[in-house]
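Chemist: Below is upload-v8.tsv; it holds TSV, C-alpha atoms.
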```tsv
chain	number	residue	atom	x	y	z
A	1	MET	CA	-24.56	-22.79	20.94
A	2	ARG	CA	-22.93	-19.46	21.77
A	3	ARG	CA	-20.77	-18.02	18.99
A	4	LEU	CA	-17.18	-17.00	19.58
A	5	THR	CA	-16.79	-13.26	20.11
A	6	LEU	CA	-14.90	-11.01	17.74
A	7	ARG	CA	-12.13	-10.64	20.29
A	8	GLY	CA	-11.79	-14.41	20.55
A	9	ARG	CA	-11.77	-14.86	16.79
A	10	LEU	CA	-9.10	-12.21	16.32
A	11	THR	CA	-7.04	-13.84	19.08
A	12	LEU	CA	-7.27	-17.25	17.42
A	13	LEU	CA	-6.51	-15.86	13.98
A	14	TYR	CA	-3.45	-13.86	14.94
A	15	GLY	CA	-2.28	-16.59	17.32
A	16	GLY	CA	-2.58	-19.18	14.58
A	17	LEU	CA	-0.75	-17.00	12.10
A	18	PHE	CA	2.02	-16.40	14.62
A	19	MET	CA	2.38	-20.13	15.30
A	20	VAL	CA	2.49	-20.96	11.60
A	21	ALA	CA	5.05	-18.22	10.97
A	22	GLY	CA	7.15	-19.46	13.92
A	23	VAL	CA	7.12	-23.05	12.65
A	24	VAL	CA	8.15	-21.91	9.18
A	25	LEU	CA	10.90	-19.72	10.61
A	26	LEU	CA	12.15	-22.57	12.82
A	27	GLY	CA	12.23	-24.92	9.86
A	28	VAL	CA	14.13	-22.49	7.67
A	29	THR	CA	16.65	-21.77	10.42
A	30	TYR	CA	17.20	-25.48	11.06
A	31	ALA	CA	17.78	-26.12	7.36
A	32	LEU	CA	20.32	-23.30	7.10
A	33	PHE	CA	22.11	-24.39	10.25
A	34	THR	CA	22.30	-28.01	9.08
A	35	ALA	CA	23.64	-26.95	5.70
A	36	ASN	CA	26.48	-25.04	7.35
A	37	LEU	CA	27.36	-27.93	9.66
A	38	GLY	CA	27.40	-30.32	6.71
A	39	GLN	CA	30.30	-28.55	5.01
A	40	LYS	CA	33.50	-30.60	4.51
A	41	TYR	CA	36.25	-29.95	7.01
A	42	GLN	CA	39.48	-31.78	7.81
A	43	VAL	CA	38.99	-35.22	9.30
A	44	ILE	CA	39.36	-35.41	13.07
A	45	VAL	CA	39.92	-38.81	14.58
A	46	LYS	CA	40.12	-39.50	18.26
A	47	GLY	CA	41.07	-42.97	19.36
A	48	THR	CA	43.79	-45.63	19.23
A	49	TYR	CA	46.29	-45.32	16.43
A	50	LEU	CA	48.32	-48.29	15.25
A	51	SER	CA	51.15	-47.58	12.82
A	52	PRO	CA	50.84	-49.83	9.73
A	53	SER	CA	54.65	-50.04	9.44
A	54	ALA	CA	55.06	-51.45	12.86
A	55	GLY	CA	56.02	-55.06	13.00
A	56	PRO	CA	55.17	-57.70	15.47
A	57	ASN	CA	57.15	-55.79	18.05
A	58	ARG	CA	55.12	-52.65	17.58
A	59	PRO	CA	54.70	-50.35	20.54
A	60	PRO	CA	51.60	-50.69	22.67
A	61	PRO	CA	48.56	-48.77	21.45
A	62	THR	CA	47.96	-45.35	22.85
A	63	ASN	CA	44.68	-43.50	23.33
A	64	ASP	CA	45.51	-40.12	21.75
A	65	VAL	CA	44.22	-37.58	19.23
A	66	TYR	CA	45.41	-37.77	15.66
A	67	VAL	CA	44.63	-35.30	12.88
A	68	MET	CA	45.30	-35.67	9.19
A	69	ASN	CA	46.01	-32.34	7.52
A	70	LYS	CA	45.24	-31.31	3.93
A	71	ASP	CA	48.52	-32.83	2.66
A	72	GLY	CA	47.69	-36.24	4.18
A	73	ALA	CA	50.26	-35.92	6.96
A	74	LEU	CA	49.34	-37.25	10.37
A	75	LEU	CA	49.58	-34.79	13.25
A	76	THR	CA	49.62	-35.76	16.89
A	77	GLY	CA	50.03	-34.09	20.24
A	78	SER	CA	49.84	-30.33	20.54
A	79	ASP	CA	49.73	-29.88	16.76
A	80	ALA	CA	46.65	-32.06	16.51
A	81	GLU	CA	44.98	-30.24	19.39
A	82	ARG	CA	45.69	-26.89	17.80
A	83	VAL	CA	44.26	-27.95	14.41
A	84	MET	CA	41.18	-29.42	16.08
A	85	ASN	CA	40.53	-26.21	18.05
A	86	GLU	CA	40.90	-24.14	14.90
A	87	GLN	CA	38.37	-26.29	13.07
A	88	ARG	CA	35.96	-26.18	16.01
A	89	GLU	CA	36.17	-22.38	15.99
A	90	GLN	CA	35.52	-22.33	12.23
A	91	VAL	CA	32.35	-24.39	12.71
A	92	ARG	CA	31.17	-22.09	15.50
A	93	GLN	CA	31.82	-18.94	13.48
A	94	ALA	CA	30.01	-20.41	10.46
A	95	ALA	CA	26.99	-21.27	12.60
A	96	ILE	CA	26.90	-17.75	14.10
A	97	LYS	CA	27.19	-16.19	10.65
A	98	SER	CA	24.37	-18.35	9.36
A	99	MET	CA	22.12	-17.45	12.26
A	100	LEU	CA	22.85	-13.70	12.04
A	101	THR	CA	22.76	-13.23	8.27
A	102	GLN	CA	20.70	-15.89	6.57
A	103	GLY	CA	18.47	-16.30	9.62
A	104	SER	CA	17.78	-12.55	9.67
A	105	VAL	CA	16.81	-12.60	6.02
A	106	ALA	CA	14.52	-15.55	6.63
A	107	LEU	CA	12.98	-13.76	9.62
A	108	LEU	CA	12.26	-10.67	7.56
A	109	LEU	CA	10.68	-12.69	4.76
A	110	VAL	CA	8.54	-14.82	7.03
A	111	GLY	CA	7.59	-11.79	9.14
A	112	GLY	CA	6.56	-9.88	6.04
A	113	LEU	CA	4.41	-12.77	4.84
A	114	ALA	CA	2.80	-13.08	8.26
A	115	ALA	CA	2.08	-9.33	8.36
A	116	GLY	CA	0.56	-9.47	4.88
A	117	PHE	CA	-1.73	-12.34	5.74
A	118	GLY	CA	-2.62	-10.60	9.02
A	119	TRP	CA	-3.54	-7.44	7.11
A	120	LEU	CA	-5.81	-9.34	4.74
A	121	VAL	CA	-7.49	-11.27	7.52
A	122	ALA	CA	-7.95	-8.17	9.69
A	123	GLY	CA	-9.46	-6.27	6.74
A	124	ARG	CA	-11.94	-9.05	6.16
A	125	VAL	CA	-12.87	-9.29	9.84
A	126	LEU	CA	-13.16	-5.51	10.32
A	127	ALA	CA	-15.04	-4.81	7.08
A	128	PRO	CA	-18.36	-4.46	8.97
A	129	LEU	CA	-16.79	-1.74	11.13
A	130	HIS	CA	-15.86	0.22	7.99
A	131	ARG	CA	-19.47	-0.08	6.87
A	132	VAL	CA	-20.66	1.33	10.20
A	133	THR	CA	-18.14	4.19	9.95
A	134	ASP	CA	-19.08	5.08	6.37
A	135	THR	CA	-22.79	5.16	7.20
A	136	ALA	CA	-22.19	7.32	10.27
A	137	ARG	CA	-20.05	9.72	8.23
A	138	ARG	CA	-22.70	10.06	5.50
A	139	ILE	CA	-25.40	10.79	8.08
A	140	ALA	CA	-23.17	13.32	9.85
A	141	LEU	CA	-22.42	15.18	6.61
A	142	THR	CA	-25.96	14.93	5.19
A	143	PRO	CA	-28.75	15.27	7.75
A	144	SER	CA	-31.30	14.22	5.13
A	145	ALA	CA	-29.64	10.77	5.13
A	146	LEU	CA	-31.15	9.86	8.49
A	147	HIS	CA	-33.32	7.32	6.71
A	148	GLU	CA	-30.27	5.15	5.98
A	149	ARG	CA	-29.69	2.00	8.01
A	150	ILE	CA	-26.73	-0.36	8.23
A	151	ALA	CA	-28.84	-3.54	8.54
A	152	LEU	CA	-25.74	-5.65	9.09
A	153	LYS	CA	-26.04	-9.38	8.52
A	154	GLY	CA	-23.78	-11.98	10.10
A	155	PRO	CA	-22.90	-13.59	13.42
A	156	ASP	CA	-24.26	-12.11	16.62
A	157	ASP	CA	-21.02	-10.55	17.85
A	158	GLU	CA	-19.77	-7.16	19.04
A	159	VAL	CA	-19.80	-5.60	15.56
A	160	LYS	CA	-23.38	-6.63	14.83
A	161	ASN	CA	-24.49	-5.38	18.25
A	162	LEU	CA	-22.81	-2.05	17.51
A	163	ALA	CA	-24.50	-1.81	14.10
A	164	ASP	CA	-27.93	-2.67	15.57
A	165	ALA	CA	-27.50	-0.08	18.34
A	166	PHE	CA	-26.49	2.52	15.76
A	167	ASP	CA	-29.55	1.71	13.62
A	168	THR	CA	-31.80	2.07	16.66
A	169	MET	CA	-30.28	5.44	17.54
A	170	VAL	CA	-30.60	6.78	13.98
A	171	GLU	CA	-34.19	5.55	13.75
A	172	ARG	CA	-35.13	7.43	16.92
A	173	LEU	CA	-33.37	10.56	15.68
A	174	ASP	CA	-35.18	10.29	12.36
A	175	HIS	CA	-38.54	10.00	14.10
A	176	SER	CA	-37.68	12.92	16.38
A	177	PHE	CA	-36.63	15.24	13.55
A	178	ASP	CA	-39.58	14.17	11.45
A	179	GLY	CA	-41.89	15.00	14.35
A	180	GLN	CA	-40.30	18.44	14.69
A	181	ARG	CA	-40.72	19.11	10.98
A	182	ARG	CA	-44.37	18.06	11.09
A	183	PHE	CA	-44.95	20.27	14.12
A	184	VAL	CA	-43.39	23.30	12.42
A	185	ALA	CA	-45.37	22.69	9.24
A	186	ASN	CA	-48.65	22.20	11.06
A	187	ALA	CA	-48.11	25.19	13.33
A	188	SER	CA	-47.21	27.38	10.35
A	189	HIS	CA	-50.34	26.30	8.48
A	190	GLU	CA	-52.50	26.98	11.52
A	191	LEU	CA	-50.98	30.46	12.00
A	192	ARG	CA	-51.67	31.47	8.43
A	193	THR	CA	-55.42	31.67	9.01
A	194	PRO	CA	-55.41	34.22	11.87
A	195	LEU	CA	-52.79	36.31	10.06
A	196	THR	CA	-54.89	36.39	6.92
A	197	LEU	CA	-57.95	37.26	8.94
A	198	GLY	CA	-56.07	40.00	10.81
A	199	ARG	CA	-54.82	41.50	7.55
A	200	ALA	CA	-58.37	41.59	6.18
A	201	LEU	CA	-59.74	43.30	9.29
A	202	VAL	CA	-56.98	45.92	9.30
A	203	GLU	CA	-57.48	46.69	5.61
A	204	VAL	CA	-61.24	47.02	6.08
A	205	ALA	CA	-60.70	49.44	8.97
A	206	MET	CA	-58.16	51.48	7.01
A	207	HIS	CA	-60.37	51.88	3.94
A	208	ARG	CA	-63.46	53.09	5.72
A	209	ARG	CA	-64.60	56.56	4.78
A	210	THR	CA	-64.69	57.56	8.42
A	211	ALA	CA	-61.15	56.30	9.11
A	212	SER	CA	-58.99	59.01	10.61
A	213	ALA	CA	-55.34	59.63	9.81
A	214	ASP	CA	-54.30	57.99	13.07
A	215	VAL	CA	-56.24	54.85	12.20
A	216	LYS	CA	-54.64	54.68	8.76
A	217	GLU	CA	-51.15	55.18	10.24
A	218	LEU	CA	-51.83	52.48	12.82
A	219	GLY	CA	-53.13	50.21	10.06
A	220	GLU	CA	-49.95	50.67	8.03
A	221	SER	CA	-47.85	49.68	11.04
A	222	LEU	CA	-50.02	46.64	11.71
A	223	LEU	CA	-49.84	45.58	8.07
A	224	THR	CA	-46.04	45.87	8.16
A	225	ILE	CA	-45.88	43.67	11.26
A	226	ASN	CA	-48.36	41.25	9.70
A	227	THR	CA	-46.24	41.03	6.54
A	228	ARG	CA	-43.17	40.22	8.57
A	229	HIS	CA	-45.03	37.45	10.40
A	230	GLU	CA	-46.24	36.04	7.09
A	231	GLN	CA	-42.68	35.97	5.78
A	232	LEU	CA	-41.57	34.18	8.92
A	233	ILE	CA	-44.27	31.54	8.58
A	234	GLU	CA	-43.54	31.06	4.88
A	235	GLY	CA	-39.86	30.63	5.67
A	236	LEU	CA	-40.61	28.04	8.35
A	237	LEU	CA	-42.80	26.11	5.92
A	238	ILE	CA	-40.11	26.10	3.25
A	239	LEU	CA	-37.47	25.11	5.82
A	240	ALA	CA	-39.62	22.20	6.99
A	241	ASP	CA	-40.25	21.07	3.41
A	242	SER	CA	-36.59	21.35	2.42
A	243	GLU	CA	-35.48	19.12	5.31
A	244	LYS	CA	-37.65	16.26	4.12
A	245	GLN	CA	-36.23	13.46	2.03
A	246	LEU	CA	-36.68	14.10	-1.69
A	247	THR	CA	-38.75	11.21	-2.99
A	248	THR	CA	-39.25	12.51	-6.54
A	249	VAL	CA	-36.71	14.48	-8.54
A	250	TYR	CA	-36.80	15.81	-12.09
A	251	PRO	CA	-34.24	17.32	-14.47
A	252	VAL	CA	-33.76	21.02	-13.71
A	253	ASN	CA	-31.46	23.41	-15.54
A	254	LEU	CA	-30.24	26.08	-13.15
A	255	ALA	CA	-29.84	28.47	-16.09
A	256	ASP	CA	-33.64	28.56	-16.46
A	257	VAL	CA	-34.02	29.06	-12.71
A	258	VAL	CA	-31.57	31.99	-12.72
A	259	THR	CA	-33.37	33.64	-15.64
A	260	HIS	CA	-36.78	33.22	-14.00
A	261	VAL	CA	-35.69	34.46	-10.55
A	262	THR	CA	-33.83	37.53	-11.84
A	263	ALA	CA	-36.88	38.48	-13.90
A	264	GLN	CA	-39.06	38.19	-10.77
A	265	LEU	CA	-36.77	40.38	-8.67
A	266	THR	CA	-36.06	43.05	-11.31
A	267	SER	CA	-38.71	45.36	-9.92
A	268	GLU	CA	-37.43	45.10	-6.34
A	269	ALA	CA	-33.83	45.60	-7.50
A	270	THR	CA	-34.79	48.68	-9.53
A	271	THR	CA	-36.63	50.17	-6.56
A	272	ALA	CA	-33.62	49.53	-4.31
A	273	GLY	CA	-31.21	50.94	-6.91
A	274	VAL	CA	-29.28	47.68	-7.21
A	275	GLU	CA	-28.11	46.35	-10.58
A	276	VAL	CA	-28.66	42.63	-11.14
A	277	ILE	CA	-26.03	41.04	-13.37
A	278	ARG	CA	-26.90	37.55	-14.52
A	279	GLY	CA	-24.85	34.89	-16.26
A	280	PRO	CA	-27.17	31.93	-16.82
A	281	GLY	CA	-24.74	29.29	-18.03
A	282	ASP	CA	-25.85	25.74	-18.74
A	283	ALA	CA	-26.06	23.83	-15.42
A	284	PRO	CA	-28.28	20.71	-15.60
A	285	THR	CA	-29.05	18.91	-12.34
A	286	ARG	CA	-31.85	16.86	-10.80
A	287	GLY	CA	-34.10	17.86	-7.91
A	288	ASP	CA	-37.22	19.67	-6.81
A	289	ALA	CA	-37.71	22.65	-9.11
A	290	LEU	CA	-39.68	24.70	-6.56
A	291	LEU	CA	-37.07	24.25	-3.84
A	292	LEU	CA	-34.21	25.08	-6.22
A	293	GLU	CA	-36.09	28.18	-7.33
A	294	ARG	CA	-36.47	29.22	-3.69
A	295	LEU	CA	-32.75	28.63	-3.15
A	296	VAL	CA	-31.72	30.99	-5.96
A	297	HIS	CA	-34.48	33.44	-5.02
A	298	ASN	CA	-33.23	33.70	-1.44
A	299	LEU	CA	-29.63	34.25	-2.53
A	300	VAL	CA	-30.49	37.02	-5.00
A	301	GLU	CA	-33.01	38.59	-2.63
A	302	ASN	CA	-30.44	38.67	0.18
A	303	GLY	CA	-27.95	40.31	-2.16
A	304	ILE	CA	-30.48	43.03	-3.03
A	305	ARG	CA	-31.79	43.69	0.46
A	306	HIS	CA	-28.49	43.61	2.33
A	307	ASN	CA	-26.47	45.81	0.02
A	308	LEU	CA	-24.76	49.16	0.42
A	309	PRO	CA	-26.92	52.20	1.18
A	310	SER	CA	-25.28	54.15	-1.65
A	311	GLY	CA	-22.52	54.07	-4.23
A	312	GLU	CA	-21.75	51.07	-6.43
A	313	ARG	CA	-24.49	48.53	-5.77
A	314	TRP	CA	-24.88	45.29	-7.70
A	315	VAL	CA	-25.68	41.58	-7.45
A	316	ARG	CA	-24.15	39.07	-9.86
A	317	VAL	CA	-25.64	35.57	-10.22
A	318	VAL	CA	-23.88	32.99	-12.40
A	319	SER	CA	-24.68	29.34	-13.09
A	320	LYS	CA	-22.15	27.03	-14.70
A	321	ARG	CA	-20.96	23.46	-15.06
A	322	VAL	CA	-17.73	22.45	-13.28
A	323	GLY	CA	-16.59	18.91	-14.07
A	324	ASP	CA	-19.20	16.47	-12.81
A	325	GLN	CA	-20.95	19.19	-10.80
A	326	VAL	CA	-22.94	22.37	-11.36
A	327	GLN	CA	-22.69	25.62	-9.47
A	328	VAL	CA	-24.70	28.74	-8.74
A	329	ALA	CA	-22.59	31.63	-7.47
A	330	VAL	CA	-24.21	34.83	-6.17
A	331	THR	CA	-21.93	37.78	-5.39
A	332	ASN	CA	-23.04	41.15	-4.10
A	333	THR	CA	-21.63	44.41	-2.86
A	334	GLY	CA	-22.43	45.25	0.72
A	335	PRO	CA	-21.04	45.97	4.17
A	336	GLU	CA	-17.80	44.32	5.21
A	337	ILE	CA	-18.23	40.90	6.82
A	338	ARG	CA	-15.54	39.37	9.00
A	339	PRO	CA	-14.54	35.81	8.00
A	340	TYR	CA	-15.43	34.29	11.38
A	341	GLU	CA	-18.98	35.65	11.07
A	342	VAL	CA	-19.76	33.92	7.78
A	343	GLU	CA	-20.75	30.54	9.23
A	344	SER	CA	-23.18	32.21	11.64
A	345	LEU	CA	-25.14	33.64	8.70
A	346	PHE	CA	-26.52	30.17	7.97
A	347	LYS	CA	-28.11	29.86	11.41
A	348	PRO	CA	-31.88	30.47	11.61
A	349	PHE	CA	-32.85	33.97	12.80
A	350	TYR	CA	-29.21	35.08	13.07
A	351	ARG	CA	-28.51	38.64	11.96
A	352	LEU	CA	-25.38	40.72	11.76
A	353	GLY	CA	-25.67	43.99	13.62
A	354	ALA	CA	-28.22	45.13	16.13
A	355	GLU	CA	-29.67	47.57	13.61
A	356	ARG	CA	-31.11	44.64	11.66
A	357	LEU	CA	-32.93	43.00	14.55
A	358	VAL	CA	-36.10	44.97	13.89
A	359	SER	CA	-35.69	45.07	10.14
A	360	THR	CA	-38.64	44.17	7.92
A	361	LYS	CA	-36.38	42.99	5.11
A	362	GLY	CA	-36.78	39.33	6.00
A	363	ALA	CA	-37.38	36.75	8.67
A	364	GLY	CA	-33.76	35.67	9.09
A	365	LEU	CA	-34.25	32.29	7.41
A	366	GLY	CA	-32.88	33.03	3.93
A	367	LEU	CA	-29.48	31.34	4.12
A	368	SER	CA	-30.80	28.64	6.48
A	369	ILE	CA	-33.23	27.62	3.76
A	370	VAL	CA	-30.43	27.76	1.18
A	371	ARG	CA	-28.30	25.34	3.19
A	372	SER	CA	-31.22	23.02	3.92
A	373	VAL	CA	-32.28	22.84	0.26
A	374	THR	CA	-28.68	22.28	-0.82
A	375	GLU	CA	-28.17	19.39	1.60
A	376	ALA	CA	-31.49	17.84	0.54
A	377	HIS	CA	-30.09	17.75	-3.02
A	378	ALA	CA	-26.77	16.17	-1.88
A	379	GLY	CA	-24.88	19.39	-2.51
A	380	THR	CA	-22.67	21.82	-0.60
A	381	VAL	CA	-22.85	25.56	0.02
A	382	THR	CA	-19.92	27.82	0.86
A	383	ALA	CA	-19.69	31.53	1.56
A	384	VAL	CA	-16.65	33.81	1.58
A	385	PRO	CA	-16.44	37.56	2.27
A	386	ARG	CA	-15.86	39.63	-0.83
A	387	GLU	CA	-12.87	41.93	-0.88
A	388	GLY	CA	-14.18	45.45	-0.42
A	389	GLY	CA	-17.39	44.31	1.28
A	390	GLY	CA	-20.22	42.00	0.50
A	391	LEU	CA	-20.45	38.23	0.18
A	392	GLN	CA	-20.02	35.48	-2.37
A	393	VAL	CA	-22.17	32.37	-1.85
A	394	THR	CA	-21.53	29.30	-4.02
A	395	VAL	CA	-23.92	26.35	-4.18
A	396	THR	CA	-22.56	23.13	-5.69
A	397	LEU	CA	-24.92	20.35	-6.82
A	398	PRO	CA	-24.43	17.04	-8.65
A	399	LEU	CA	-24.56	17.14	-12.43
A	400	ASP	CA	-27.52	15.46	-14.11
A	401	PRO	CA	-25.98	12.31	-15.68
A	402	ALA	CA	-28.54	12.42	-18.49
```
Produce structure tokens that represent the structure in this file.
Modeler:
Amino acid sequence: MRRLTLRGRLTLLYGGLFMVAGVVLLGVTYALFTANLGQKYQVIVKGTYLSPSAGPNRPPPTNDVYVMNKDGALLTGSDAERVMNEQREQVRQAAIKSMLTQGSVALLLVGGLAAGFGWLVAGRVLAPLHRVTDTARRIALTPSALHERIALKGPDDEVKNLADAFDTMVERLDHSFDGQRRFVANASHELRTPLTLGRALVEVAMHRRTASADVKELGESLLTINTRHEQLIEGLLILADSEKQLTTVYPVNLADVVTHVTAQLTSEATTAGVEVIRGPGDAPTRGDALLLERLVHNLVENGIRHNLPSGERWVRVVSKRVGDQVQVAVTNTGPEIRPYEVESLFKPFYRLGAERLVSTKGAGLGLSIVRSVTEAHAGTVTAVPREGGGLQVTVTLPLDPA
């Protein structure tokens, strides 16, 4: 037997509620109207009047209107007609007043009750739609949540068909992205071998006794290009790994990560003439320690490499706990960055300024990896230009509940 559609069920529900509310309103109005008509008014009698004082020779009966006033006096003729019209007008005015005042109050009360019941019923019927919306929003905000499914149970109606179609779409997207990640990882692994072999051949040629100055100069250029390609492949591998779903997480204190990374980059910072200022505050979270180390490493390394050519040059990295979250904030001096260019920095291979297109400082994946690792750990990353030049990047991650 075919089930009733959602549209049909909503129609029956709201139609039934409307009918029930109308019956209740009709009953209340009838009761109020009857109560007003039942009030005591002066007695109106229309018919034959026989005077009790009349004797056997009483006058013939007449078919006229007689009204007894409040004092008990009997009125006839035009006086009786006038009193009767006045009382009829009083009844009409009372009925109108009842309908306009008490009926309006009853309408508001019954309408409010009907709206309340309609709200509750609609919320119950549309609850599956809210579930679909929440799941879609989570997936939109967190690409690593593509593994989630709605898996809606219930009658085979429009909402379930929508949820099933959404699950099918997300499953295909998940398979597509997973295939892309596997391709990037496999291609990067395969490219490592020829690059390693090329580096070995160039170094052998450079260190021969018979190597001329031109050969050594050419070898240095080839090694520089080879190093840049290795950095690119390493960045692609990390980017592919960071976009995977984290299956195993462990407690990680970002204070330890900050201390370790700044110690690693001290030599590079000293060579570049950049002061590294660290503030490793307690910041416990849960995640992949290697990926979190790469996140902080990329932020500090970017601050060192893309700094001012001269003058005051520093990078400050601070970790701290903020409520039920932890943060790592890396601030550096550097060239002025316009606010509308900040979001573009997180795109893969995007660089500011044509002079950096052929730079050997990096592969252009630093901040892309930072964002990917952050989203894999259910966190957020924001960047704002620093007043006077440079950038401040803040990564926010959930606090370790333990």
Chemist: Nearest to Val328 (chain A) among A:Gly366, A:Gly279, A:Gly15, A:Pro128, with distances taken over all atoms listed in the file: which residue is it?
Modeler: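 Checking each candidate against Val328 (chain A), we get A:Gly279 as the closest.
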Chemist: What is the CA of Pro284 (chain A)-CA of Ala263 (chain A) distance in Å, reported with one decimal?
Modeler: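 Those two atoms sit 19.8 Å apart.
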Chemist: Quick check, in Å to one decimal: how far apart do CA of Ala213 (chain A) and CA of Leu197 (chain A) lie?
Modeler: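 CA of Leu197 (chain A) lies at a distance of 22.5 Å from CA of Ala213 (chain A).
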Chemist: Which one of A:Ala106, A:Ala402, A:Leu13, A:Val318 sits closest to Thr285 (chain A) if you count all atoms listed in the file?
Modeler: A:Ala402
Chemist: Quick one: residues within 12 Å of Met169 (chain A), all atoms listed in the file counted, chain neighbours fewer than 2 positions away excluded, as a PDB file with C-alpha atoms, in the coordinates of the input?
Modeler:
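The file below, result_29.pdb, is the result:
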```pdb
ATOM      1  CA  ALA A 136     -22.190   7.320  10.270  1.00  0.00           C
ATOM      2  CA  ILE A 139     -25.400  10.790   8.080  1.00  0.00           C
ATOM      3  CA  LEU A 146     -31.150   9.860   8.490  1.00  0.00           C
ATOM      4  CA  HIS A 147     -33.320   7.320   6.710  1.00  0.00           C
ATOM      5  CA  GLU A 148     -30.270   5.150   5.980  1.00  0.00           C
ATOM      6  CA  ARG A 149     -29.690   2.000   8.010  1.00  0.00           C
ATOM      7  CA  ILE A 150     -26.730  -0.360   8.230  1.00  0.00           C
ATOM      8  CA  LEU A 162     -22.810  -2.050  17.510  1.00  0.00           C
ATOM      9  CA  ALA A 163     -24.500  -1.810  14.100  1.00  0.00           C
ATOM     10  CA  ASP A 164     -27.930  -2.670  15.570  1.00  0.00           C
ATOM     11  CA  ALA A 165     -27.500  -0.080  18.340  1.00  0.00           C
ATOM     12  CA  PHE A 166     -26.490   2.520  15.760  1.00  0.00           C
ATOM     13  CA  ASP A 167     -29.550   1.710  13.620  1.00  0.00           C
ATOM     14  CA  GLU A 171     -34.190   5.550  13.750  1.00  0.00           C
ATOM     15  CA  ARG A 172     -35.130   7.430  16.920  1.00  0.00           C
ATOM     16  CA  LEU A 173     -33.370  10.560  15.680  1.00  0.00           C
ATOM     17  CA  ASP A 174     -35.180  10.290  12.360  1.00  0.00           C
ATOM     18  CA  HIS A 175     -38.540  10.000  14.100  1.00  0.00           C
ATOM     19  CA  SER A 176     -37.680  12.920  16.380  1.00  0.00           C
TER      20      SER A 176
END
```
Chemist: Figure out the distance between CA of Thr101 (chain A) and CA of Ala115 (chain A), please, to one decimal in Å.
Modeler: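 One can read the CA of Ala115 (chain A) to CA of Thr101 (chain A) distance as 21.0 Å.
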Chemist: For Ala269 (chain A), which of A:Leu25, A:Val132, A:Leu109, A:Val315 is the closest residue, counting only C-alpha atoms?
Modeler: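 Among the listed residues, A:Val315 lies closest to Ala269 (chain A).
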